[in-house]
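In what follows, a structure is listed as structure tokens, so that the remarks can point back to it.
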Amino acid sequence: MKISNNWLKDYIKTDLNSEKISAYLTDIGLEVEGVDKFESVKGSLEGIVVGKVLTCEKHPNADKLSKTTVDVGNGKVLEIVCGAPNVAAGQTVPVAVVGTKIYAKDGSYFEIKKAKIRGEVSEGMICAEDELSLSDDHAGIMVLDETKYEVGTPFAGYFELTNDEVYEIGLTPNRTDAMSHYGVARDLQAFVSSNNLKSEFTKLESQALNIEGAHDFKLEVEDSELTPRYLGAVIENVEIKTSPDWLKDRLKAIGLTPINNVVDITNYILHGLGQPLHAFDADKITGKTVKVGTVKAGTKFKTLDGVERTLNGSEIIIKDGKDKPMCIAGVFGGSESGVSSETKTIFLESAYFNPVAIRKASKSHGLNTDASFRFERGVDPNNARTALTHAINLIQELAGGKLVGEILEYYPEKIKDHYVVFRYSKLDQILGTKIHREKIKEILKSLDIQILNEIQNGLELSVPVYRADVTREIDVIEEVLRIYGYNKIDAPKKISFTPVKLSFDDQDALENSWARTLQSNGFHEVMNNSLTSVKDETNAVKLLNPLSNDLAFMRKSLLEGLLENAIYNINRKSSDIKFFELGKIYHKKEKYEERKQLAILTSGREVAENWLQPKSATDFYYLKAYIKVLLEKLNLDLQESALTDERFSDALEIKSDGKTIARIGKVSPQMLKDFDISQEVFYAEIELETCQALRTKENLKFIDIPKFNKIRRDLALLVDKTITYAELYELAKSNKSPFLKNINLFDVYEGKNLPEGKKSYALSFELLNEEKTLEDKDITEVMNSLIRSFEKEFKAELR
């Protein structure tokens with residue numbers, strides 16, 4: 001958003017320079033991203049002086065050039081070669097002296113230098129109007145009235161040139177109150193006044209109107225929810241013409257193109273006061289009746305841009321007496337009812353429309369205008385009449401208009417301010433420090449927040465309706481801190497905290513814990529678009545109004561997005577990949593389904609290449625280990641089984657209580673080919689809602705560090721190839737000995753020196769007695785028990 005410094009000073013007068021204003025605006029949340037200079041005449045005619053042509057003769061070496069001498073004051077006479085056909089002795093002319101920059105329309109320039117032109121010295125340039133950006137006339141040099149212009153004086157002194165500084169503010173969408181020059185000035189005044197800086201603020205108020213005669217126009221509003229407030233004024237004898245320079249310069253400074261006085265005034269009010277207005281040609285309003293409502297779906301309507309649009313029936317429409325659409329309210333006007341050069345009478349509209357309805361209409365038709373930008377975020381409903389009165393007076397002044405009859409108004413129920421209870425203790429808690437209570441009240445007053453009542457340890461407040469973003473206590477706290485100054489809050493020198501266990505009822509806490517675990521192990525979080533294209537539309541959720549074919553469906557899986565991330569990185573020589581994403585997937589079966597998952601994707605090397613460690617490629621078990629680490633936080637009884645899934649060539653499913661909570665697999669060659677990936681990729685997904693529902697609520701227990709050492713014993717078991725480690729693990733885990741603490745597989749062997757159909761597993765067992773040192777007989781008893789179990793259940797043999 002562009003804010004003109006000159007315009008800003010219409011509402012707040014201060015000695016602060018643009019650098020200070022930029023800093024203060026940024027401090028209060030209106031971040032100034034840059035400051036540009038605006039000049040109504042590029043270069044501001046700097047270096048241009050009034051001169052008098054003393055002599056003029058033909059150039060000796062060029063037929064179309066003249067050799068002149070020009071008096072530029074202070075007894076200085078310049079020799080200038082001129083190519084204009086109308087140059088003559090005795091003329092008073094604008095002269096660009098050496099060092100002057102002459103600007104072109106595109107902003108480029110050349111500098112006047114002393115030079116030789118066809119062998120003759122030239123010490124400046126006699127200028128035409130277009131060379132000075134005063135017009136497009138290049139028929140000849142500009143000849144001045146010698147009675148009005150004094151030789152030797154700066155040429156700029158004869159013009160009311162505008163020089164301005166324009167702030168580029170990166171406004172956040174919630175700050176609808178600051179989407180105008182007045183809104184920014186009001187916010188700046190709050191900061192300035194609370195910091196005891198000198199300023200003079202002009203509060204916005206309705207202006208008195210001069211009403212002549214009467215009109216017979218009628219206003220009908222069909223739905224007060226869609227249109228809570230609507231005002232209209234009839235102005236006769238309007239002369240549509242070019243706006244005065246001051247108004248054009250205001251609009252040009254913020255990047256707008258002046259059109260005509262009436263349209264420029266509506267834009268001036270929009271960007272100045274934040275209230276969108278719309279002017280209709282009153283003579284084209286059939287039946288002299290303005291209706292505000294809806295029309296049937298399928299109705300055709302041609303907008304100002306000449307495009308015929310099909311209305312869907314939900315838009316707020318401004319209609320005439322025969323229900324013919326004249327305007328998509330708050331979005332775009334119609335081609336037939338707009339103001340033209342022939343317009344003599346206008347119907348000027350100022351309103352407050354339902355923000356949701358405006359947003360839907362704007363998105364439905366792909367129309368993003370300055371008006372819709374503000375209406376869909378919520379303008380100040382109590383500003384509608386004030387802005388209208390300012391516009392009417394400007395039209396009377398600049399277009400010769402005459403207001404006839406009273407303003408038509410529909411406002412059945414005043415929109416109330418926000419009621420908020422504010423506690424000092426909550427502010428102290430959030431800030432970590434105390435602000436003097438009187439200072440808080442002063443800040444609230446500067447923000448137009450009314451104190452209704454003082455209660456124990458707090459205040460009852462009435463927040464102006466134009467602050468659509470301040471509806472809760474925490475919002476008020478942010479406002480106080482914003483104006484008080486973030487920089488005034490000292491950072492603590494030490495931080496004290498008490499570690500607490502995760503709440504079992506808080507899924508966000510679980511997700512954050514998992515994310516931190518992955519991040520600390522070198523994984524990078526990604527966030528992909530939920531909208532995508534799909535090859536197989538089975539069970540896919542399709543958008544009714546997609547932006548494009550590539551964004552026509554809701555994603556059915558997080559895998560495709562992560563594969564896109566993978567190939568993007570691989571193509572940029574970053575092939576060691578560790579990604580995760582927390583996101584939702586969508587399906588349409590008997591009903592619409594929405595599930596949240598944690599997806600993890602790995603590929604490439606496990607550890608970055610270095611001299612000390614050999615190259616180690618990530619694999620299925622590498623990813624499975626991380627999944628196990630995450631699932632351990634759930635304290636669930638887990639079961640593993642093979643999984644058939646077309647996305648994977650090999651896959652494993654993890655269940656608990658009969659419900660699938662995770663899937664791990666090696667991405668299939670076909671999927672990798674579709675994404676042009678030539679290296680192996682491994683993917684896992686965890687069902688977040690299912691995990692949350694199954695989490696066991698056991699109290700956190702703290703135990704002493706063991707006083708005695710663990711004892712390790714190893715067994716090498718020869719078993720049939722069909723036996724899996726998981727079966728051996730579960731059997732060992734079921735051993736009733738209290739001394740068995742940990743089981744681990746450290747070697748698997750198949751091949752030479754083993755009988756046909758056999759496999760060797762080498763397992764380690766850690767034993768610990770927390771009360772005393774383990775004796776050999778206890779160790780032997782546990783190990784013999786394990787051996788007997790393996791022999792009985794799997795016919796295992798010791799190697």
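Residues are referred to by chain and number: the chain letter is A, B, ... according to the order shown in the structure tokens, the number counts from 1 in that chain, and ligands are numbered separately from 1 in the order shown.
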
Fill in: Picked from segment 631-724 of chain A by DSSP as strand (DSSP E), as a count of residues only
39

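Taking only C-alpha atoms, the non-local environment of segment 536-545 of chain A within 10 Å (same-chain residues fewer than 3 positions away omitted) comprises Lys363, Ser364, Leu531, Thr532, Ser533, Ser548, Leu551, Ala552, Phe553, Met554, Arg555, Lys556, Ile585, Tyr586, His587, Lys588, Lys589, Glu590, Lys591, Tyr592 and Glu593 of chain A.
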
Item to complete: Can you check which residues of segment 22-67 of chain A DSSP gives as helix (DSSP H, G or I) on the backbone and send them as number ranges by chain?
Response: A: 22-27

Fill in: Spatial neighbours of Lys198 of chain A, max dist 10 Å, only C-alpha atoms, sep filter under 6 positions, as a PyMOL selection string
chain A and resi 13-16+189+192

Practice prompt. Give me the residues within 10 Å of Thr724 of chain A as JSON, numbers by chain, counting only C-alpha atoms and dropping any in the same chain fewer than 4 places off.
Written response: {"A": [719, 720, 728, 729, 759, 761]}

Output file for the residues above (N, CA and C atoms, as a PDB file, in the first residue's frame):
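Resulting contents of part.pdb:
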```
ATOM      1  N   VAL A 719      17.797 -70.773  12.739  1.00  0.00           N
ATOM      2  CA  VAL A 719      16.364 -71.031  12.591  1.00  0.00           C
ATOM      3  C   VAL A 719      16.011 -71.126  11.120  1.00  0.00           C
ATOM      4  N   ASP A 720      14.782 -71.558  10.853  1.00  0.00           N
ATOM      5  CA  ASP A 720      14.311 -71.612   9.466  1.00  0.00           C
ATOM      6  C   ASP A 720      14.249 -70.197   8.882  1.00  0.00           C
ATOM      7  N   LEU A 728      11.050 -63.565  17.004  1.00  0.00           N
ATOM      8  CA  LEU A 728      12.016 -63.838  18.064  1.00  0.00           C
ATOM      9  C   LEU A 728      11.929 -62.765  19.152  1.00  0.00           C
ATOM     10  N   TYR A 729      11.800 -61.522  18.733  1.00  0.00           N
ATOM     11  CA  TYR A 729      11.727 -60.402  19.673  1.00  0.00           C
ATOM     12  C   TYR A 729      10.502 -60.518  20.575  1.00  0.00           C
ATOM     13  N   LYS A 759      18.789 -69.782   8.546  1.00  0.00           N
ATOM     14  CA  LYS A 759      19.280 -68.415   8.719  1.00  0.00           C
ATOM     15  C   LYS A 759      19.793 -68.265  10.150  1.00  0.00           C
ATOM     16  N   TYR A 761      20.533 -65.689  13.320  1.00  0.00           N
ATOM     17  CA  TYR A 761      20.302 -64.388  13.964  1.00  0.00           C
ATOM     18  C   TYR A 761      21.195 -64.301  15.190  1.00  0.00           C
TER      19      TYR A 761
END
```

Worksheet item: So which residues touch Glu131 of chain A within 12 Å, counting only C-alpha atoms, skipping near sequence neighbours fewer than 4 positions away, as a list of chain:residue names?
Response: A:Val41, A:Lys42, A:Gly43, A:Leu45, A:Ile48, A:Pro94, A:Val95, A:Ala96, A:Thr100, A:Lys101, A:Ile102, A:Tyr103, A:Ala104, A:Lys105, A:Tyr109, A:Phe110, A:Met125, A:Ile126, A:Cys127, A:Ser135, A:Asp136, A:Asp137, A:His138, A:Ala139, A:Gly140, A:Ile141, A:Met142

Kindly export the residues of the current selection with N, CA and C atoms, as a short mmCIF file (atom, residue, chain, number, x, y, z; two decimals), in the first residue's frame.
```cif
data_model
loop_
_atom_site.label_atom_id
_atom_site.label_comp_id
_atom_site.auth_asym_id
_atom_site.auth_seq_id
_atom_site.Cartn_x
_atom_site.Cartn_y
_atom_site.Cartn_z
N VAL A 41 6.66 17.06 -11.85
CA VAL A 41 7.49 17.24 -13.05
C VAL A 41 8.84 16.60 -12.73
N LYS A 42 9.18 15.59 -13.49
CA LYS A 42 10.40 14.84 -13.20
C LYS A 42 11.60 15.77 -13.24
N GLY A 43 12.37 15.76 -12.17
CA GLY A 43 13.52 16.64 -12.06
C GLY A 43 13.21 17.96 -11.42
N LEU A 45 12.31 20.67 -12.60
CA LEU A 45 12.83 21.82 -13.36
C LEU A 45 14.13 22.38 -12.76
N ILE A 48 16.87 24.67 -14.67
CA ILE A 48 16.23 25.42 -15.75
C ILE A 48 16.08 26.88 -15.30
N PRO A 94 12.93 29.18 -21.66
CA PRO A 94 13.54 28.38 -20.59
C PRO A 94 14.84 27.76 -21.11
N VAL A 95 15.89 27.84 -20.30
CA VAL A 95 17.21 27.35 -20.71
C VAL A 95 17.71 26.32 -19.69
N ALA A 96 18.17 25.20 -20.20
CA ALA A 96 18.81 24.18 -19.36
C ALA A 96 20.31 24.42 -19.42
N THR A 100 22.38 20.25 -16.04
CA THR A 100 20.95 19.97 -15.86
C THR A 100 20.61 18.59 -16.43
N LYS A 101 19.71 17.86 -15.74
CA LYS A 101 19.24 16.56 -16.21
C LYS A 101 17.88 16.72 -16.88
N ILE A 102 17.79 16.25 -18.12
CA ILE A 102 16.54 16.29 -18.88
C ILE A 102 15.94 14.89 -18.89
N TYR A 103 14.74 14.75 -18.35
CA TYR A 103 14.13 13.43 -18.16
C TYR A 103 13.17 13.07 -19.28
N ALA A 104 13.16 11.79 -19.66
CA ALA A 104 12.18 11.27 -20.61
C ALA A 104 11.01 10.70 -19.83
N LYS A 105 9.94 10.29 -20.52
CA LYS A 105 8.74 9.77 -19.87
C LYS A 105 9.01 8.50 -19.08
N TYR A 109 17.22 9.74 -18.36
CA TYR A 109 17.59 11.14 -18.53
C TYR A 109 18.95 11.25 -19.20
N PHE A 110 19.19 12.45 -19.74
CA PHE A 110 20.54 12.76 -20.20
C PHE A 110 20.95 14.09 -19.57
N MET A 125 20.85 24.26 -23.41
CA MET A 125 19.78 23.87 -24.33
C MET A 125 18.56 24.75 -24.08
N ILE A 126 18.01 25.31 -25.18
CA ILE A 126 16.73 26.02 -25.09
C ILE A 126 15.64 24.96 -25.22
N CYS A 127 14.70 24.91 -24.26
CA CYS A 127 13.82 23.74 -24.09
C CYS A 127 12.43 23.91 -24.71
N SER A 135 4.18 19.21 -21.16
CA SER A 135 3.14 18.76 -22.10
C SER A 135 3.81 17.84 -23.11
N ASP A 136 3.06 17.42 -24.13
CA ASP A 136 3.63 16.57 -25.18
C ASP A 136 4.02 17.38 -26.41
N ASP A 137 3.96 18.70 -26.31
CA ASP A 137 4.23 19.57 -27.47
C ASP A 137 5.73 19.63 -27.76
N HIS A 138 6.09 19.27 -29.00
CA HIS A 138 7.48 19.36 -29.44
C HIS A 138 7.60 20.10 -30.77
N ALA A 139 6.62 20.98 -31.02
CA ALA A 139 6.62 21.72 -32.29
C ALA A 139 7.77 22.72 -32.35
N GLY A 140 8.19 23.19 -31.19
CA GLY A 140 9.27 24.17 -31.13
C GLY A 140 9.60 24.47 -29.69
N ILE A 141 10.54 25.42 -29.51
CA ILE A 141 10.91 25.79 -28.14
C ILE A 141 9.74 26.51 -27.48
N MET A 142 9.77 26.56 -26.16
CA MET A 142 8.74 27.22 -25.38
C MET A 142 9.07 28.71 -25.29
#
```
